[in-house]
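> The structure that follows is given in the form of structure tokens.
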Amino acid sequence: MIQTIDLGVNIDHIATLRNVRGVSYPDPIRAALEAEEAGADLITLHLREDRRHIKDEDLFAIRPLLKTRMNLECAITTEMLEIACRVQPQDVCLVPEKRTEVTTEGGLDVLGKFNEVKLALKILGEAGIKVSLFIDPDRGVIQACHDLGVKIVELHTGAYANASGSKQVAELQRIKIAAAFAHEMGIKVNAGHGLHEGNVWEIAQILPIRELNIGHALVAEAVFKGWKIAIQDMKALMQAARNQPSGSLA
Ligand SMILES: CC(=O)[C@@H](O)[C@H](O)COP(=O)(O)O
Ligand SMILES: NCC(=O)COP(=O)(O)O
């Protein structure tokens, strides 16, 4: 049986483009709805504490219009948990945040923030929201997720995406091993960050990975071939890779 893989379209950088001019376009609502028309399986968006791209009003406007599901990425703060409970996305992905970073640099420090994560899981779980943790592909972190009863993780693919040659092969191997271990532990495995048409194939081939969240590269491709085509091409590429799984950890 052919296994499918979901594409979560991240619309953060549509909002980055809008905000850089302080105007109302490109409109993240239009981006989300057209992404769904193009085949997105979910819409991902990150409400950063500094509101550098997505803003609170975007969340509230987009949430009731989606036909698929909303995956809200946010830091573990009282403010963000409160907003998430009001917006009621289907999914929340808890991510680490540093005010000075250009983009999300690493995964959540699940061991160091064990009690904070535990409380966030409780608050969001009681609000009926599915929670994933954005983590590095690391066995110890996955074990801590399992100990916390986490049902979904998103493996940070940034180190793989930024590497080349033998370093990239090693990063890919880390992701394969982590995905297999999480799957063995009964955890659903998603992945994302820095993925584009040139590096997504090997990640989409990893069978335990069920969903990829991709944003920046789709916005970049859209400049040249249009938003819907960029999404359709990415989906087709991911599914073609999925139809030829890598099969082993070697
Ligand atoms: C957590 C994550 O990987 C995404 O939210 C992505 O990082 C979005 O863009 P920025 O990190 O550039 O805000
Ligand atoms: N969680 C990763 C994500 O949503 C998209 O990251 P990127 O493709 O914008 O790097």
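Every chain in the structure tokens takes a letter, A first, then B, and so on in the order presented; its residues are numbered from 1, and the ligands are numbered from 1 following the presented order.
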Using only C-alpha atoms, which residues sit within 7 Å of segment 31-39 of chain A once same-chain residues fewer than 2 positions away are excluded, as a list of chain:residue names?
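So the residues in contact are A:Val9, A:Ile11, A:Asp27, A:Pro28, A:Ile29, A:Asp41, A:Ile43, A:Leu66, A:Lys228, A:Ile231, A:Gln232.
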> Emit the selected residues as a PDB file, in the first residue's frame, including C-alpha atoms.

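And here's out-v2.pdb as it stands now:
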```
ATOM      1  CA  VAL A   9       2.422  25.000   4.334  1.00  0.00           C
ATOM      2  CA  ILE A  11       2.777  31.084   5.782  1.00  0.00           C
ATOM      3  CA  ASP A  27      -2.350  38.718   2.582  1.00  0.00           C
ATOM      4  CA  PRO A  28      -1.677  35.640   4.786  1.00  0.00           C
ATOM      5  CA  ILE A  29      -5.392  34.770   4.671  1.00  0.00           C
ATOM      6  CA  ASP A  41      -2.821  19.262   4.157  1.00  0.00           C
ATOM      7  CA  ILE A  43      -1.512  25.428   7.460  1.00  0.00           C
ATOM      8  CA  LEU A  66      -9.511  26.835   7.167  1.00  0.00           C
ATOM      9  CA  LYS A 228      -0.032  27.424  -5.947  1.00  0.00           C
ATOM     10  CA  ILE A 231       2.950  24.067  -3.390  1.00  0.00           C
ATOM     11  CA  GLN A 232       1.743  21.589  -6.021  1.00  0.00           C
TER      12      GLN A 232
END
```
> Could you give me, as a PyMOL selection string, every polymer residue with an atom at most 9 Å away from an atom of ligand 1, counting only C-alpha atoms and all ligand atoms?
chain A and resi 10-13+16+44-48+52-54+72-74+93-97+101-107+134+156-158+192-194+213-216
> Set the distance at 7 Å and use only C-alpha atoms: which residues neighbour Leu111 of chain A once local chain neighbours fewer than 3 positions away are removed? I'd like the list as an MDAnalysis selection string.
chainID A and resid 114 141 144
> Using N, CA, C and O atoms, can you write the selected residues to a file as a short mmCIF file (atom, residue, chain, number, x, y, z; two decimals), in the first residue's frame?

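Heads up, here's the output in out-v7.cif:
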```
data_model
loop_
_atom_site.label_atom_id
_atom_site.label_comp_id
_atom_site.auth_asym_id
_atom_site.auth_seq_id
_atom_site.Cartn_x
_atom_site.Cartn_y
_atom_site.Cartn_z
N PHE A 114 11.68 20.42 31.53
CA PHE A 114 10.75 19.30 31.71
C PHE A 114 9.42 19.74 32.34
O PHE A 114 8.34 19.43 31.83
N VAL A 141 16.46 13.23 23.84
CA VAL A 141 15.31 14.15 23.81
C VAL A 141 14.03 13.37 23.52
O VAL A 141 12.97 13.61 24.12
N ALA A 144 12.91 11.64 26.57
CA ALA A 144 12.25 12.58 27.49
C ALA A 144 10.82 12.87 27.00
O ALA A 144 9.89 12.97 27.82
#
```
> What is the atom CA of Val189 of chain A to atom CA of Ala204 of chain A distance in Å?
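So the answer is 11.7 Å.
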> Taking only C-alpha atoms and all ligand atoms into account, name the residue in A:Asp233, A:Glu154, A:Glu202, A:Asp6 that is nearest to ligand 2.
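Under the stated criterion, the closest residue is A:Glu154.
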> Assign secondary structure with DSSP using the backbone only, and return the residues of segment 87-210 of chain A in strand (DSSP E or B) as a list of chain:residue names.
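Here is the list: A:Asp91, A:Val92, A:Cys93, A:Leu94, A:Lys130, A:Val131, A:Ser132, A:Leu133, A:Phe134, A:Ile135, A:Ile152, A:Val153, A:Glu154, A:Leu155, A:His156, A:Lys188, A:Val189, A:Asn190, A:Ala191, A:Gly192, A:Ile209, A:Arg210.
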> Give one line per residue of segment 190-242 of chain A that approaches segment 129-133 of chain A to at most 12 Å, naming the two atoms of the closest pair and their distance in Å to one decimal, counting only C-alpha atoms; sort by chain then ascending residue number and deliver it as CSV.

```
residue,atom,partner,partner_atom,distance
A:Asn190,CA,A:Ser132,CA,8.7
A:Ala191,CA,A:Leu133,CA,10.5
A:Gly192,CA,A:Leu133,CA,11.9
A:Glu211,CA,A:Ser132,CA,11.8
```
> If you keep N, CA, C and O atoms, can you produce a file of those selected residues as a short mmCIF file (atom, residue, chain, number, x, y, z; two decimals), in the first residue's frame?

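Output file out_21.cif is given in full below:
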```cif
data_model
loop_
_atom_site.label_atom_id
_atom_site.label_comp_id
_atom_site.auth_asym_id
_atom_site.auth_seq_id
_atom_site.Cartn_x
_atom_site.Cartn_y
_atom_site.Cartn_z
N ASN A 190 6.86 14.14 12.69
CA ASN A 190 6.83 15.16 11.64
C ASN A 190 8.25 15.71 11.51
O ASN A 190 9.12 15.41 12.33
N ALA A 191 8.48 16.53 10.50
CA ALA A 191 9.81 17.13 10.34
C ALA A 191 9.68 18.45 9.60
O ALA A 191 8.68 18.70 8.93
N GLY A 192 10.68 19.28 9.73
CA GLY A 192 10.68 20.53 8.98
C GLY A 192 11.75 21.48 9.41
O GLY A 192 12.38 21.31 10.46
N GLU A 211 4.65 13.93 8.15
CA GLU A 211 4.25 15.30 7.77
C GLU A 211 5.49 16.17 7.69
O GLU A 211 6.37 16.06 8.55
#
```
> Can you list, as a VMD selection string, every protein, DNA or RNA residue that comes within 10 Å of Glu184 of chain A when you count only C-alpha atoms, leaving out same-chain residues fewer than 5 positions away?
chain A and resid 178 to 179 208
> Write out the residues from the selection above, keeping N, CA, C and O atoms, as a compact mmCIF listing (two decimals), in the first residue's frame.

```
# COMPACT_ATOMS: atom_id res chain seq x y z
N ALA A 178 16.60 8.91 14.56
CA ALA A 178 15.65 9.54 15.49
C ALA A 178 14.22 9.21 15.10
O ALA A 178 13.38 8.91 15.96
N ALA A 179 13.94 9.27 13.80
CA ALA A 179 12.57 8.99 13.33
C ALA A 179 12.18 7.54 13.66
O ALA A 179 11.06 7.28 14.13
N PRO A 208 8.87 6.65 8.64
CA PRO A 208 8.19 7.06 9.87
C PRO A 208 7.76 8.53 9.86
O PRO A 208 6.93 8.93 10.68
```
> So the first atom is atom 8 (O, counted along the ligand's line) of ligand 2 and the second is atom CA of Val223 of chain A; what is the distance between them in Å, to one decimal place?
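We find that atom 8 (O, counted along the ligand's line) of ligand 2 and atom CA of Val223 of chain A lie 15.3 Å from each other.
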